[in-house]
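Next up, query-v3.txt (compact mmCIF, C-alpha atoms and all ligand atoms):
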```txt
# COMPACT_ATOMS: atom_id res chain seq x y z
CA MET A 1 14.23 39.88 51.22
CA THR A 2 15.55 36.89 49.28
CA LEU A 3 19.18 37.86 48.68
CA THR A 4 20.39 39.01 52.09
CA GLY A 5 24.13 38.44 52.41
CA LYS A 6 24.60 37.61 48.73
CA ARG A 7 27.29 39.30 46.65
CA ALA A 8 26.65 40.11 42.99
CA LEU A 9 28.51 41.48 40.00
CA VAL A 10 26.46 42.99 37.17
CA THR A 11 28.35 43.91 34.01
CA GLY A 12 27.36 47.00 32.03
CA ALA A 13 25.24 48.45 34.81
CA SER A 14 25.81 52.19 34.58
CA ARG A 15 22.64 52.59 32.49
CA GLY A 16 19.58 50.81 31.16
CA ILE A 17 18.76 47.19 31.98
CA GLY A 18 21.99 46.57 33.90
CA ALA A 19 21.37 49.48 36.27
CA ALA A 20 17.86 48.15 36.95
CA ILE A 21 19.21 44.65 37.59
CA ALA A 22 21.79 45.99 40.04
CA LYS A 23 19.12 47.95 41.92
CA ALA A 24 16.69 45.00 41.92
CA LEU A 25 19.33 42.70 43.42
CA ALA A 26 20.19 45.33 46.04
CA ALA A 27 16.50 45.80 46.88
CA GLU A 28 16.42 42.08 47.72
CA GLY A 29 19.39 42.51 50.04
CA ALA A 30 22.47 41.84 47.88
CA ASP A 31 25.69 43.82 47.91
CA VAL A 32 26.52 44.70 44.31
CA ALA A 33 29.53 45.55 42.16
CA ILE A 34 28.90 46.92 38.68
CA THR A 35 31.06 47.42 35.63
CA TYR A 36 30.85 50.12 33.03
CA GLU A 37 32.86 51.16 29.99
CA LYS A 38 32.65 54.95 29.72
CA SER A 39 29.88 56.34 31.95
CA ALA A 40 31.71 56.94 35.24
CA ASP A 41 29.19 59.52 36.48
CA ALA A 42 26.18 57.33 35.71
CA ALA A 43 27.90 54.37 37.38
CA ALA A 44 28.51 56.51 40.48
CA GLU A 45 24.79 57.35 40.56
CA VAL A 46 23.88 53.66 40.50
CA VAL A 47 26.34 53.06 43.35
CA GLN A 48 24.72 55.85 45.35
CA ALA A 49 21.24 54.46 44.71
CA ILE A 50 22.32 51.04 45.98
CA LYS A 51 24.00 52.53 49.05
CA ALA A 52 20.76 54.40 49.75
CA LEU A 53 19.13 50.98 50.06
CA GLY A 54 21.63 50.14 52.81
CA ARG A 55 23.75 47.83 50.71
CA ARG A 56 27.42 47.97 49.75
CA ALA A 57 28.16 48.96 46.15
CA PHE A 58 31.23 49.38 43.96
CA ALA A 59 31.80 50.57 40.40
CA ILE A 60 34.56 49.04 38.28
CA GLN A 61 35.65 50.44 34.91
CA ALA A 62 36.16 47.49 32.56
CA ASP A 63 35.72 47.27 28.80
CA SER A 64 34.01 43.95 28.09
CA ALA A 65 35.87 43.76 24.77
CA ASP A 66 39.16 43.53 26.72
CA VAL A 67 39.81 40.03 28.09
CA ALA A 68 42.23 41.20 30.78
CA ALA A 69 39.78 43.88 31.92
CA VAL A 70 36.97 41.32 32.20
CA GLN A 71 39.16 38.96 34.21
CA GLY A 72 40.34 41.86 36.36
CA SER A 73 36.76 42.98 37.03
CA ILE A 74 35.90 39.61 38.57
CA GLU A 75 38.95 39.75 40.84
CA LYS A 76 38.20 43.35 41.84
CA ALA A 77 34.59 42.47 42.62
CA VAL A 78 35.62 39.46 44.70
CA THR A 79 38.09 41.60 46.66
CA ALA A 80 35.63 44.45 47.22
CA LEU A 81 32.66 42.23 48.12
CA GLY A 82 34.59 39.53 49.98
CA GLY A 83 33.43 36.84 47.56
CA LEU A 84 30.92 36.30 44.77
CA ASP A 85 27.57 34.51 44.66
CA ILE A 86 25.86 35.95 41.58
CA LEU A 87 27.30 36.92 38.17
CA VAL A 88 25.04 38.76 35.75
CA ASN A 89 26.48 39.06 32.24
CA ASN A 90 24.47 42.04 31.02
CA ALA A 91 26.91 44.28 29.11
CA GLY A 92 26.07 44.14 25.45
CA ILE A 93 26.19 46.14 22.26
CA LEU A 94 23.98 46.41 19.20
CA ARG A 95 25.56 46.85 15.77
CA LEU A 96 23.13 46.74 12.88
CA GLY A 97 24.05 45.73 9.35
CA GLU A 98 22.95 43.24 6.77
CA VAL A 99 25.47 40.43 6.36
CA LYS A 100 26.49 41.70 2.90
CA ASP A 101 27.35 45.09 4.43
CA ILE A 102 28.43 44.61 8.05
CA SER A 103 32.10 45.37 8.72
CA LEU A 104 34.53 42.86 10.18
CA GLU A 105 35.10 45.39 12.97
CA ASP A 106 31.41 45.27 13.91
CA ILE A 107 31.34 41.47 13.72
CA ASP A 108 34.35 41.27 16.05
CA ALA A 109 32.88 43.83 18.44
CA LEU A 110 29.59 41.91 18.68
CA LEU A 111 31.37 38.61 19.27
CA HIS A 112 33.86 40.03 21.76
CA VAL A 113 31.41 41.97 23.94
CA ASN A 114 28.26 39.86 23.62
CA VAL A 115 29.80 36.36 23.51
CA ARG A 116 33.44 36.20 24.59
CA ALA A 117 33.04 38.46 27.62
CA PRO A 118 30.30 36.33 29.25
CA ILE A 119 32.44 33.22 28.69
CA VAL A 120 35.57 34.85 30.13
CA ALA A 121 33.67 36.37 33.08
CA SER A 122 31.99 33.04 33.86
CA LYS A 123 35.34 31.24 33.65
CA ALA A 124 36.90 33.71 36.08
CA ALA A 125 33.88 33.64 38.42
CA ILE A 126 33.42 29.86 38.65
CA PRO A 127 36.20 29.24 41.20
CA HIS A 128 34.63 31.81 43.52
CA LEU A 129 31.01 30.62 43.31
CA GLY A 130 29.74 28.37 46.05
CA GLU A 131 26.63 26.28 46.73
CA GLY A 132 23.57 28.13 45.45
CA GLY A 133 25.62 30.31 43.09
CA ARG A 134 24.08 31.92 40.03
CA ILE A 135 25.25 32.83 36.53
CA ILE A 136 22.62 34.78 34.59
CA SER A 137 23.28 36.16 31.11
CA ILE A 138 21.15 38.71 29.30
CA GLY A 139 20.30 37.43 25.84
CA SER A 140 17.57 38.71 23.57
CA PHE A 141 14.21 37.66 22.14
CA PHE A 142 16.03 37.88 18.81
CA ALA A 143 17.82 34.67 19.82
CA ASP A 144 14.64 32.67 19.15
CA ARG A 145 13.25 34.52 16.15
CA VAL A 146 14.36 37.64 14.29
CA PRO A 147 11.16 39.61 13.65
CA GLY A 148 12.80 43.05 13.91
CA GLY A 149 13.69 43.38 10.23
CA ALA A 150 16.94 43.17 8.28
CA GLY A 151 20.35 43.86 9.80
CA LEU A 152 20.09 41.83 12.98
CA SER A 153 21.76 38.57 11.88
CA VAL A 154 25.04 38.88 13.75
CA TYR A 155 23.48 40.44 16.85
CA ALA A 156 20.92 37.60 16.95
CA LEU A 157 23.72 35.07 16.56
CA SER A 158 25.61 36.63 19.46
CA LYS A 159 22.55 36.32 21.71
CA SER A 160 21.59 32.78 20.66
CA ALA A 161 25.15 31.71 21.49
CA LEU A 162 24.45 32.54 25.14
CA THR A 163 21.70 29.94 25.32
CA ALA A 164 23.86 27.03 24.16
CA PHE A 165 26.70 28.22 26.37
CA SER A 166 24.42 28.42 29.41
CA GLN A 167 22.90 24.99 28.75
CA GLY A 168 26.37 23.45 28.62
CA LEU A 169 27.56 25.34 31.68
CA ALA A 170 24.43 24.36 33.61
CA ARG A 171 25.46 20.73 33.09
CA GLU A 172 28.99 21.49 34.31
CA LEU A 173 27.93 23.37 37.43
CA GLY A 174 24.77 21.46 38.35
CA PRO A 175 26.68 19.05 40.59
CA ARG A 176 27.81 22.07 42.63
CA ASN A 177 24.20 23.32 42.87
CA ILE A 178 25.02 26.42 40.82
CA THR A 179 22.35 27.43 38.30
CA VAL A 180 23.02 28.99 34.89
CA ASN A 181 20.30 30.72 32.90
CA VAL A 182 19.57 33.33 30.25
CA VAL A 183 17.00 36.11 30.44
CA GLN A 184 15.86 37.20 26.98
CA PRO A 185 14.42 40.72 26.98
CA GLY A 186 12.11 41.93 24.29
CA SER A 187 11.99 45.61 23.44
CA ILE A 188 12.92 47.47 26.61
CA ASP A 189 13.03 51.27 26.61
CA THR A 190 16.74 52.16 26.98
CA ASP A 191 19.40 54.18 25.19
CA MET A 192 20.08 51.09 23.04
CA ASN A 193 16.46 50.71 21.98
CA PRO A 194 14.44 53.84 22.78
CA ALA A 195 10.67 53.39 22.61
CA HIS A 196 10.47 56.65 20.67
CA GLY A 197 13.43 55.83 18.40
CA PRO A 198 13.36 54.94 14.70
CA PHE A 199 12.32 51.31 15.31
CA GLY A 200 9.98 52.04 18.22
CA GLU A 201 6.63 51.81 16.44
CA THR A 202 7.56 48.63 14.53
CA LEU A 203 8.88 46.85 17.60
CA LYS A 204 5.89 47.92 19.67
CA SER A 205 3.50 46.67 16.99
CA ILE A 206 4.85 43.09 17.11
CA THR A 207 4.22 42.67 20.84
CA ALA A 208 1.06 41.06 22.18
CA LEU A 209 0.78 43.72 24.87
CA GLY A 210 1.19 46.59 22.43
CA ARG A 211 3.97 48.33 24.32
CA TYR A 212 7.65 48.39 25.22
CA GLY A 213 8.81 46.92 28.50
CA ALA A 214 10.50 48.80 31.32
CA VAL A 215 13.99 48.06 32.64
CA GLU A 216 12.41 46.94 35.92
CA ASP A 217 10.64 44.10 34.07
CA ILE A 218 14.06 42.56 33.44
CA GLY A 219 15.46 43.51 36.85
CA ASN A 220 12.58 41.69 38.54
CA MET A 221 13.12 38.52 36.51
CA VAL A 222 16.85 38.47 37.25
CA ALA A 223 16.22 39.04 40.97
CA PHE A 224 13.80 36.10 40.92
CA LEU A 225 16.29 33.83 39.14
CA ALA A 226 18.97 34.85 41.63
CA SER A 227 16.73 33.96 44.57
CA PRO A 228 16.26 30.59 46.27
CA LYS A 229 12.72 30.55 44.82
CA ALA A 230 14.32 29.72 41.44
CA GLN A 231 16.52 26.93 42.78
CA TYR A 232 15.22 24.31 40.30
CA ILE A 233 15.52 26.51 37.21
CA THR A 234 18.73 25.93 35.29
CA GLY A 235 19.94 25.58 31.72
CA THR A 236 17.06 27.53 30.28
CA ALA A 237 16.22 30.84 28.62
CA LEU A 238 13.34 32.87 30.04
CA THR A 239 11.84 35.38 27.63
CA VAL A 240 10.37 38.67 28.86
CA ASP A 241 9.13 40.27 25.65
CA GLY A 242 5.50 41.30 26.04
CA GLY A 243 4.57 38.48 23.68
CA ALA A 244 6.67 39.68 20.75
CA ASN A 245 7.62 36.11 19.89
CA ALA A 246 4.18 34.66 20.73
P1 LIG F 1 22.32 50.29 26.91
O1 LIG F 1 23.08 50.58 25.67
O2 LIG F 1 21.19 51.18 27.28
O3 LIG F 1 23.33 50.19 28.16
C1 LIG F 1 24.47 49.39 27.96
C2 LIG F 1 25.23 49.23 29.25
O4 LIG F 1 26.30 48.32 28.99
C3 LIG F 1 25.85 50.52 29.75
O5 LIG F 1 25.94 50.47 31.16
C4 LIG F 1 27.24 50.47 29.11
O6 LIG F 1 28.26 51.14 29.83
C5 LIG F 1 27.53 48.99 29.16
N1 LIG F 1 28.47 48.60 28.12
C6 LIG F 1 28.32 48.71 26.78
N2 LIG F 1 29.43 48.29 26.16
C7 LIG F 1 30.29 47.92 27.14
C8 LIG F 1 31.62 47.42 27.14
N3 LIG F 1 32.29 47.22 26.00
N4 LIG F 1 32.20 47.14 28.32
C9 LIG F 1 31.53 47.36 29.49
N5 LIG F 1 30.29 47.84 29.55
C10 LIG F 1 29.68 48.12 28.38
O7 LIG F 1 21.80 48.78 26.73
P2 LIG F 1 20.52 48.04 27.35
O8 LIG F 1 20.41 48.35 28.78
O9 LIG F 1 19.37 48.27 26.45
O10 LIG F 1 20.97 46.52 27.13
C11 LIG F 1 21.49 45.72 28.18
C12 LIG F 1 21.56 44.28 27.68
O11 LIG F 1 20.25 43.85 27.30
C13 LIG F 1 22.45 44.10 26.45
O12 LIG F 1 23.12 42.86 26.55
C14 LIG F 1 21.45 44.07 25.31
O13 LIG F 1 21.96 43.39 24.20
C15 LIG F 1 20.29 43.36 25.97
N6 LIG F 1 19.00 43.59 25.32
C16 LIG F 1 18.42 44.83 25.30
C17 LIG F 1 17.19 45.00 24.72
C18 LIG F 1 16.50 46.32 24.67
O14 LIG F 1 15.42 46.41 24.02
N7 LIG F 1 16.98 47.36 25.33
C19 LIG F 1 16.48 43.87 24.09
C20 LIG F 1 17.15 42.62 24.20
C21 LIG F 1 18.37 42.50 24.80
P3 LIG F 1 28.60 52.73 29.55
O15 LIG F 1 27.44 53.49 30.13
O16 LIG F 1 29.87 52.96 30.26
O17 LIG F 1 28.68 52.88 28.05
```
This structure in structure tokens:
Amino acid sequence: MTLTGKRALVTGASRGIGAAIAKALAAEGADVAITYEKSADAAAEVVQAIKALGRRAFAIQADSADVAAVQGSIEKAVTALGGLDILVNNAGILRLGEVKDISLEDIDALLHVNVRAPIVASKAAIPHLGEGGRIISIGSFFADRVPGGAGLSVYALSKSALTAFSQGLARELGPRNITVNVVQPGSIDTDMNPAHGPFGETLKSITALGRYGAVEDIGNMVAFLASPKAQYITGTALTVDGGANA
């Protein structure tokens, strides 16, 4: 196991990709705190699954749109885990709408949850991270290109912002041997983007592999980036999209 003794916080990990990331980190030996917004029961199930692996696990209710809640979640995780080595900014929302139609409320929600929260969480986590620390944010393949059709402009913007932020932060934290990266999923079968949902066939058709990915495909990549094997990878975005942007 590559993460024995490490302590991780994964935001938005009651369901979908975040839950898989939390379990993948635990499978490599990490103790894990997770945040969620509404799904207390699902979060408790993730905690139980991690405990079944022999690791410590904690669930923290925190709305990523709420700055104080984000800051508080870092402090709660540090207290529960006894420190912090790995922050995974996964919580994210999708609001569709062409620019001429999208509401200011949806624009604010996308920017607050997808962009501001990772910045605020990173800012709060930095004082706690030591040598070998990791900050990994979950972006999107729509940060590089936007082949999914109309209505994705603001979501794509919110995800591309994570790359520039992580490049800058990698420069700031490199001297402390802390790496900062983005993982950009393609179409992964979750509640946000179900393989059998209205966009499923279109999104499947643009991949090279001809299929959606599984949440474990992202969990495995994050566990790798968190491990010492990825010690020389920083300031970059790694895309896991079945060749959708090939
Ligand atoms: P889901 O909608 O399936 O799950 C979202 C998770 O984030 C849930 O645990 C949810 O908590 C939590 N969450 C949502 N909003 C908030 C909030 N305001 N505060 C705290 N937690 C919140 O999403 P996915 O698993 O599909 O997506 C995870 C990440 O991956 C997102 O950043 C998304 O943008 C990105 N992504 C996903 C892709 C896909 O195809 N699925 C493709 C590219 C990127 P709760 O259960 O309490 O609501």
CA of Met1 in chain A to CA of Ala49 in chain A measures 17.4 Å
Among the residues A:Asp85, A:Ala65, A:Gly29, A:Ala246, the one that comes closest to Glu105 in chain A [using all atoms listed in the file]: A:Ala65
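Of the listed residues A:Asp41, A:Glu98, A:Glu131, A:Glu201, the one whose atoms come nearest to ligand LIG 1 (chain F) is A:Asp41, with distances taken using only C-alpha atoms and all ligand atoms.
For Ser64 in chain A, the list of residues within 6 Å, based on all atoms listed in the file and with local chain neighbours fewer than 6 positions off taken out, reads Val70, Val113 and Ala117 of chain A.
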Identify, counting only C-alpha atoms and all ligand atoms, the protein, DNA and RNA residues located within 6 Å of ligand LIG 1 (chain F), and give them as a ChimeraX atom specification. /A:12-18,36-39,62-65,90-93,113,138-140,185-193
Using only C-alpha atoms, which residues sit within 12 Å of Ile107 in chain A once same-chain residues fewer than 4 positions away are excluded, as a PyMOL selection string? chain A and resi 93-103+111-115+151-158
